[in-house]
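Novice: File follows, input-v3.cif with mmCIF, C-alpha atoms and all ligand atoms:
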data_entry
loop_
_atom_site.label_atom_id
_atom_site.label_comp_id
_atom_site.auth_asym_id
_atom_site.auth_seq_id
_atom_site.Cartn_x
_atom_site.Cartn_y
_atom_site.Cartn_z
CA MET Y 1 0.00 0.00 0.00
CA ALA Y 2 1.41 3.41 -1.01
CA TYR Y 3 2.00 6.03 1.67
CA LYS Y 4 -0.59 8.82 1.80
CA HIS Y 5 0.99 11.28 4.20
CA VAL Y 6 4.69 11.66 4.97
CA LEU Y 7 6.04 13.68 7.95
CA ALA Y 8 9.66 14.89 7.84
CA ALA Y 9 11.21 15.76 11.24
CA VAL Y 10 13.91 18.42 11.03
CA ASP Y 11 16.03 20.17 13.66
CA LEU Y 12 16.73 23.09 11.27
CA SER Y 13 20.45 22.26 11.21
CA GLU Y 14 22.31 21.73 7.94
CA GLU Y 15 21.26 18.04 7.89
CA SER Y 16 17.62 19.07 7.45
CA ALA Y 17 18.05 19.40 3.68
CA GLN Y 18 19.20 15.78 3.42
CA VAL Y 19 16.19 14.60 5.44
CA LEU Y 20 13.82 16.72 3.33
CA ASP Y 21 15.36 15.54 0.05
CA LYS Y 22 14.53 11.95 0.97
CA ALA Y 23 11.11 12.81 2.37
CA ARG Y 24 10.17 14.76 -0.78
CA ALA Y 25 11.32 11.85 -2.98
CA GLN Y 26 9.31 9.32 -0.93
CA ALA Y 27 6.19 11.50 -1.02
CA ASP Y 28 6.48 12.11 -4.77
CA GLN Y 29 7.02 8.43 -5.48
CA ALA Y 30 3.91 7.49 -3.51
CA GLY Y 31 1.82 10.50 -4.59
CA ALA Y 32 1.60 11.40 -0.88
CA LYS Y 33 1.20 14.68 0.97
CA LEU Y 34 4.33 15.99 2.74
CA SER Y 35 4.30 17.79 6.10
CA VAL Y 36 7.27 18.94 8.18
CA VAL Y 37 7.80 19.38 11.92
CA SER Y 38 10.45 21.01 14.06
CA VAL Y 39 10.28 20.88 17.85
CA VAL Y 40 11.78 23.61 20.04
CA LYS Y 41 12.71 22.38 23.53
CA PRO Y 42 11.42 24.39 26.52
CA LEU Y 43 14.12 25.95 28.70
CA THR Y 44 13.24 23.61 31.59
CA GLN Y 45 14.20 20.68 29.36
CA VAL Y 46 17.38 22.33 28.11
CA TYR Y 47 18.62 23.32 31.60
CA GLY Y 48 17.49 20.22 33.50
CA GLY Y 49 17.48 20.78 37.25
CA ILE Y 50 18.38 24.46 37.15
CA ASP Y 51 15.49 26.52 38.52
CA VAL Y 52 14.48 28.83 35.69
CA ALA Y 53 11.50 30.25 37.65
CA PRO Y 54 13.40 33.41 38.74
CA LEU Y 55 13.99 34.02 35.03
CA ALA Y 56 10.33 33.34 34.19
CA GLY Y 57 9.57 36.63 32.43
CA SER Y 58 12.55 36.52 30.14
CA ALA Y 59 12.41 32.72 29.79
CA VAL Y 60 8.84 32.85 28.50
CA SER Y 61 9.62 35.57 26.01
CA PHE Y 62 12.77 33.71 24.96
CA GLU Y 63 10.72 30.58 24.22
CA GLU Y 64 8.14 32.63 22.32
CA GLN Y 65 10.90 34.20 20.26
CA ALA Y 66 12.52 30.82 19.66
CA ILE Y 67 9.22 29.39 18.37
CA GLU Y 68 8.65 32.43 16.15
CA GLN Y 69 12.15 32.11 14.72
CA ALA Y 70 11.78 28.34 14.22
CA GLU Y 71 8.42 28.92 12.49
CA LYS Y 72 10.01 31.46 10.14
CA GLN Y 73 12.98 29.22 9.27
CA LEU Y 74 10.77 26.14 8.92
CA ARG Y 75 8.33 27.90 6.58
CA GLU Y 76 11.21 29.10 4.38
CA LEU Y 77 12.71 25.61 4.29
CA ALA Y 78 9.30 23.99 3.68
CA ALA Y 79 8.55 26.36 0.79
CA ARG Y 80 11.74 25.20 -0.96
CA TYR Y 81 10.27 21.67 -0.90
CA GLY Y 82 6.78 22.64 -2.04
CA VAL Y 83 5.27 22.32 1.46
CA ALA Y 84 2.60 24.91 2.34
CA ALA Y 85 2.99 27.04 5.49
CA GLU Y 86 0.01 25.32 7.16
CA ASP Y 87 1.76 21.96 6.76
CA ALA Y 88 4.96 23.24 8.46
CA HIS Y 89 4.61 22.69 12.22
CA ALA Y 90 6.96 24.46 14.66
CA ILE Y 91 6.03 23.35 18.18
CA LEU Y 92 7.35 23.72 21.73
CA GLY Y 93 7.95 20.39 23.46
CA ALA Y 94 9.96 17.18 23.69
CA PRO Y 95 11.20 16.25 20.18
CA ALA Y 96 10.68 12.46 20.03
CA HIS Y 97 7.40 12.46 21.96
CA ASP Y 98 5.91 15.38 20.06
CA ILE Y 99 7.00 14.07 16.63
CA ARG Y 100 5.15 10.81 17.41
CA GLU Y 101 2.15 12.70 18.79
CA LEU Y 102 1.83 15.00 15.77
CA ALA Y 103 2.22 12.02 13.42
CA GLY Y 104 -0.81 10.46 15.15
CA GLN Y 105 -2.86 13.66 15.04
CA LEU Y 106 -2.17 14.15 11.33
CA GLY Y 107 -2.76 10.48 10.48
CA VAL Y 108 0.69 10.24 8.95
CA ASP Y 109 1.78 6.80 7.71
CA LEU Y 110 5.54 7.47 7.31
CA ILE Y 111 7.91 9.52 9.47
CA VAL Y 112 11.25 10.50 7.91
CA ILE Y 113 14.07 11.33 10.33
CA GLY Y 114 17.85 11.81 10.17
CA THR Y 115 20.48 9.51 11.68
CA HIS Y 116 24.24 9.92 11.79
CA GLY Y 117 27.43 8.23 12.80
CA ARG Y 118 29.07 11.21 14.47
CA HIS Y 119 29.53 9.28 17.72
CA GLY Y 120 30.54 5.92 16.28
CA LEU Y 121 28.66 2.86 15.10
CA GLY Y 122 27.02 2.14 18.43
CA LEU Y 123 25.11 5.39 18.28
CA LEU Y 124 24.43 5.25 14.57
CA LEU Y 125 20.73 5.91 14.98
CA GLY Y 126 21.17 9.03 17.11
CA SER Y 127 19.15 9.81 20.19
CA THR Y 128 16.10 11.42 18.60
CA ALA Y 129 15.71 8.79 15.88
CA SER Y 130 15.92 5.88 18.32
CA ALA Y 131 13.55 7.61 20.76
CA VAL Y 132 10.99 8.18 17.95
CA LEU Y 133 11.20 4.47 17.05
CA HIS Y 134 10.28 3.50 20.63
CA GLY Y 135 6.65 2.42 20.56
CA VAL Y 136 5.85 4.21 17.32
CA GLU Y 137 2.78 2.87 15.49
CA ARG Y 138 3.76 3.77 11.92
CA ASP Y 139 6.65 3.30 9.53
CA VAL Y 140 9.85 5.29 10.10
CA LEU Y 141 12.48 5.97 7.44
CA ALA Y 142 15.88 6.68 9.01
CA VAL Y 143 17.95 8.76 6.60
CA ARG Y 144 21.70 8.49 7.01
CA VAL Y 145 22.94 12.09 6.95
CA HIS Y 146 26.45 12.99 5.82
CA PHE Y 147 28.69 15.87 6.83
CA ASP Y 148 31.55 17.55 5.03
CA ASP Y 149 34.29 17.36 7.69
P1 LIG Y 201 19.69 13.71 16.81
O1 LIG Y 201 19.61 12.25 17.02
O2 LIG Y 201 19.04 14.48 17.92
O3 LIG Y 201 21.04 14.22 16.47
O4 LIG Y 201 18.78 14.07 15.53
C1 LIG Y 201 18.72 13.27 14.39
C2 LIG Y 201 17.48 13.64 13.61
O5 LIG Y 201 16.35 13.70 14.48
C3 LIG Y 201 17.51 14.97 12.88
O6 LIG Y 201 18.12 14.89 11.61
C4 LIG Y 201 16.03 15.23 12.72
O7 LIG Y 201 15.49 14.43 11.66
C5 LIG Y 201 15.47 14.72 14.04
N1 LIG Y 201 15.41 15.76 15.09
C6 LIG Y 201 16.32 16.01 16.05
N2 LIG Y 201 15.92 17.03 16.83
C7 LIG Y 201 14.73 17.45 16.32
C8 LIG Y 201 13.80 18.49 16.68
N3 LIG Y 201 14.04 19.29 17.72
N4 LIG Y 201 12.68 18.62 15.94
C9 LIG Y 201 12.42 17.79 14.90
N5 LIG Y 201 13.25 16.80 14.52
C10 LIG Y 201 14.39 16.63 15.22
#
Re-express the file's structure as structure tokens.
Ligand code: AMP
Specialist:
Amino acid sequence: MAYKHVLAAVDLSEESAQVLDKARAQADQAGAKLSVVSVVKPLTQVYGGIDVAPLAGSAVSFEEQAIEQAEKQLRELAARYGVAAEDAHAILGAPAHDIRELAGQLGVDLIVIGTHGRHGLGLLLGSTASAVLHGVERDVLAVRVHFDD
């Protein structure tokens, strides 16, 4: 059965183009719709146990600005791959969990995500890719991304 809706997960780093190239090709081959997602981590997740409450005012506005900036970059990137602004989702949350959650909400049947070997063979999948695979109820295409060192 051909895929109907493909979701590409991108962190907006340089490897995003490689993930989107593969996702676009898969969607075109199947005649499927393509959506993209990028998840911005909340400060509490980035700084672990550090109490960010005293910084609340500036922390909130920082997160809002980060989401706005991610939205802008994601829309520009999405447009280059023929993906409409309403199908480019910039969200605040935990990357692996929220990628899986959005895939369920959108009724996606294939998630495309990057993997790399920057930390050796044992960690080939990368933390986000392996976390997305955990308990996921749809197909996942892990795209091996390459870097010019
Ligand atoms: P990592 O394992 O975290 O280095 O990331 C590998 C891949 O996971 C990236 O190429 C993206 O496809 C995906 N990914 C990582 N972080 C995010 C994020 N914050 N939002 C969406 N996708 C992400």
Novice: Would you kindly return, as a list of chain:residue names, each protein, DNA or RNA residue with an atom no farther than 8 Å from any atom of Y:Val132, considering only C-alpha atoms and excluding same-chain residues fewer than 5 positions away?
Specialist: Y:Ala96, Y:His97, Y:Ile99, Y:Arg100
Novice: For the contact check between chain Y and ligand LIG 201 (chain Y), emit one row per residue of chain Y within 9 Å, containing the shortest atom pair and the distance in Å rounded to one decimal, counting all atoms listed in the file, chain then rising number order, as CSV.
Specialist:
residue,atom,partner,partner_atom,distance
Y:Ala8,CA,Y:LIG201,O7,7.0
Y:Ala9,CA,Y:LIG201,N5,4.0
Y:Val10,CA,Y:LIG201,N5,3.9
Y:Asp11,CA,Y:LIG201,C7,4.0
Y:Leu12,CA,Y:LIG201,N4,7.6
Y:Ser13,CA,Y:LIG201,O6,7.7
Y:Glu14,CA,Y:LIG201,O6,8.8
Y:Glu15,CA,Y:LIG201,O6,5.8
Y:Ser16,CA,Y:LIG201,O6,5.9
Y:Gln18,CA,Y:LIG201,O6,8.3
Y:Val19,CA,Y:LIG201,O7,6.3
Y:Leu20,CA,Y:LIG201,O7,8.8
Y:Val36,CA,Y:LIG201,C9,8.5
Y:Val37,CA,Y:LIG201,C9,5.7
Y:Ser38,CA,Y:LIG201,N4,3.8
Y:Val39,CA,Y:LIG201,N4,3.8
Y:Val40,CA,Y:LIG201,N3,5.4
Y:Lys41,CA,Y:LIG201,N3,6.7
Y:Ala90,CA,Y:LIG201,N4,8.3
Y:Ile91,CA,Y:LIG201,N4,8.5
Y:Leu92,CA,Y:LIG201,N3,9.0
Y:Gly93,CA,Y:LIG201,N3,8.4
Y:Ala94,CA,Y:LIG201,N3,7.5
Y:Pro95,CA,Y:LIG201,N3,4.8
Y:Ala96,CA,Y:LIG201,C10,7.4
Y:Asp98,CA,Y:LIG201,N4,8.6
Y:Ile99,CA,Y:LIG201,C9,6.8
Y:Val112,CA,Y:LIG201,O7,6.9
Y:Ile113,CA,Y:LIG201,O7,3.7
Y:Gly114,CA,Y:LIG201,O6,3.4
Y:Thr115,CA,Y:LIG201,C1,5.0
Y:His116,CA,Y:LIG201,C1,7.0
Y:Arg118,CA,Y:LIG201,O3,8.8
Y:Leu123,CA,Y:LIG201,O1,8.9
Y:Leu124,CA,Y:LIG201,O1,8.8
Y:Leu125,CA,Y:LIG201,O1,6.8
Y:Gly126,CA,Y:LIG201,O1,3.6
Y:Ser127,CA,Y:LIG201,O1,4.0
Y:Thr128,CA,Y:LIG201,O1,3.9
Y:Ala129,CA,Y:LIG201,O5,5.1
Y:Ser130,CA,Y:LIG201,O1,7.5
Y:Ala131,CA,Y:LIG201,O1,8.5
Y:Val132,CA,Y:LIG201,O5,8.4
Y:Ala142,CA,Y:LIG201,O7,8.2
Y:Val143,CA,Y:LIG201,O6,7.9
Y:Arg144,CA,Y:LIG201,O6,8.7
Y:Val145,CA,Y:LIG201,O6,7.3
Novice: How far is it from atom CA of Y:Ser35 to atom CA of Y:Val83, in Å with one decimal?
Specialist: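 Computing it gives 6.6 Å between the two atoms.
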Novice: With only C-alpha atoms counted, which protein, DNA or RNA residues have an atom no more than 10 Å from (2.8, 28.9, 4.5) in the file frame? Please answer as a VMD selection string.
Specialist: chain Y and resid 71 to 72 74 to 76 78 to 79 82 to 88
Novice: Record the distance separating atom CA of Y:Ala25 and atom CA of Y:His146, expressed in Å with one decimal.
Specialist: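 Separation between atom CA of Y:Ala25 and atom CA of Y:His146: 17.5 Å.
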Novice: Between atom CA of Y:Gly107 and atom CA of Y:Asp21, what is the distance, to one decimal in Å?
Specialist: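 Separation of atom CA of Y:Gly107 and atom CA of Y:Asp21: 21.5 Å.
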Novice: Using only C-alpha atoms, which protein or nucleic acid residues come within 10 Å of Y:Tyr3? Drop anything in the same chain fewer than 4 positions from it, and give the result as a PDB file with C-alpha atoms, in the coordinates of the input.
Specialist:
ATOM      1  CA  GLN Y  26       9.310   9.320  -0.930  1.00  0.00           C
ATOM      2  CA  ALA Y  27       6.190  11.500  -1.020  1.00  0.00           C
ATOM      3  CA  ASP Y  28       6.480  12.110  -4.770  1.00  0.00           C
ATOM      4  CA  GLN Y  29       7.020   8.430  -5.480  1.00  0.00           C
ATOM      5  CA  ALA Y  30       3.910   7.490  -3.510  1.00  0.00           C
ATOM      6  CA  GLY Y  31       1.820  10.500  -4.590  1.00  0.00           C
ATOM      7  CA  ALA Y  32       1.600  11.400  -0.880  1.00  0.00           C
ATOM      8  CA  LYS Y  33       1.200  14.680   0.970  1.00  0.00           C
ATOM      9  CA  VAL Y 108       0.690  10.240   8.950  1.00  0.00           C
ATOM     10  CA  ASP Y 109       1.780   6.800   7.710  1.00  0.00           C
ATOM     11  CA  LEU Y 110       5.540   7.470   7.310  1.00  0.00           C
ATOM     12  CA  ASP Y 139       6.650   3.300   9.530  1.00  0.00           C
TER      13      ASP Y 139
END
Novice: With only C-alpha atoms as the counted atoms, please give the residues lying no more than 6 Å from Y:Leu34, apart from itself and same-chain residues fewer than 2 positions off, as an mmCIF file with C-alpha atoms, keeping the file's coordinate frame.
Specialist:
data_model
loop_
_atom_site.group_PDB
_atom_site.id
_atom_site.type_symbol
_atom_site.label_atom_id
_atom_site.label_comp_id
_atom_site.auth_asym_id
_atom_site.auth_seq_id
_atom_site.Cartn_x
_atom_site.Cartn_y
_atom_site.Cartn_z
ATOM 1 C CA HIS Y 5 0.990 11.280 4.200
ATOM 2 C CA VAL Y 6 4.690 11.660 4.970
ATOM 3 C CA LEU Y 7 6.040 13.680 7.950
#
Novice: Name the closest residue to Y:Lys22 among the candidates Y:Ile111, Y:Met1, Y:Ala103, Y:Val52; distances are taken between atoms, counting all atoms listed in the file.
Specialist: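 Checking each of Y:Ile111, Y:Met1, Y:Ala103, Y:Val52 against Y:Lys22, counting all atoms listed in the file, the winner is Y:Ile111.
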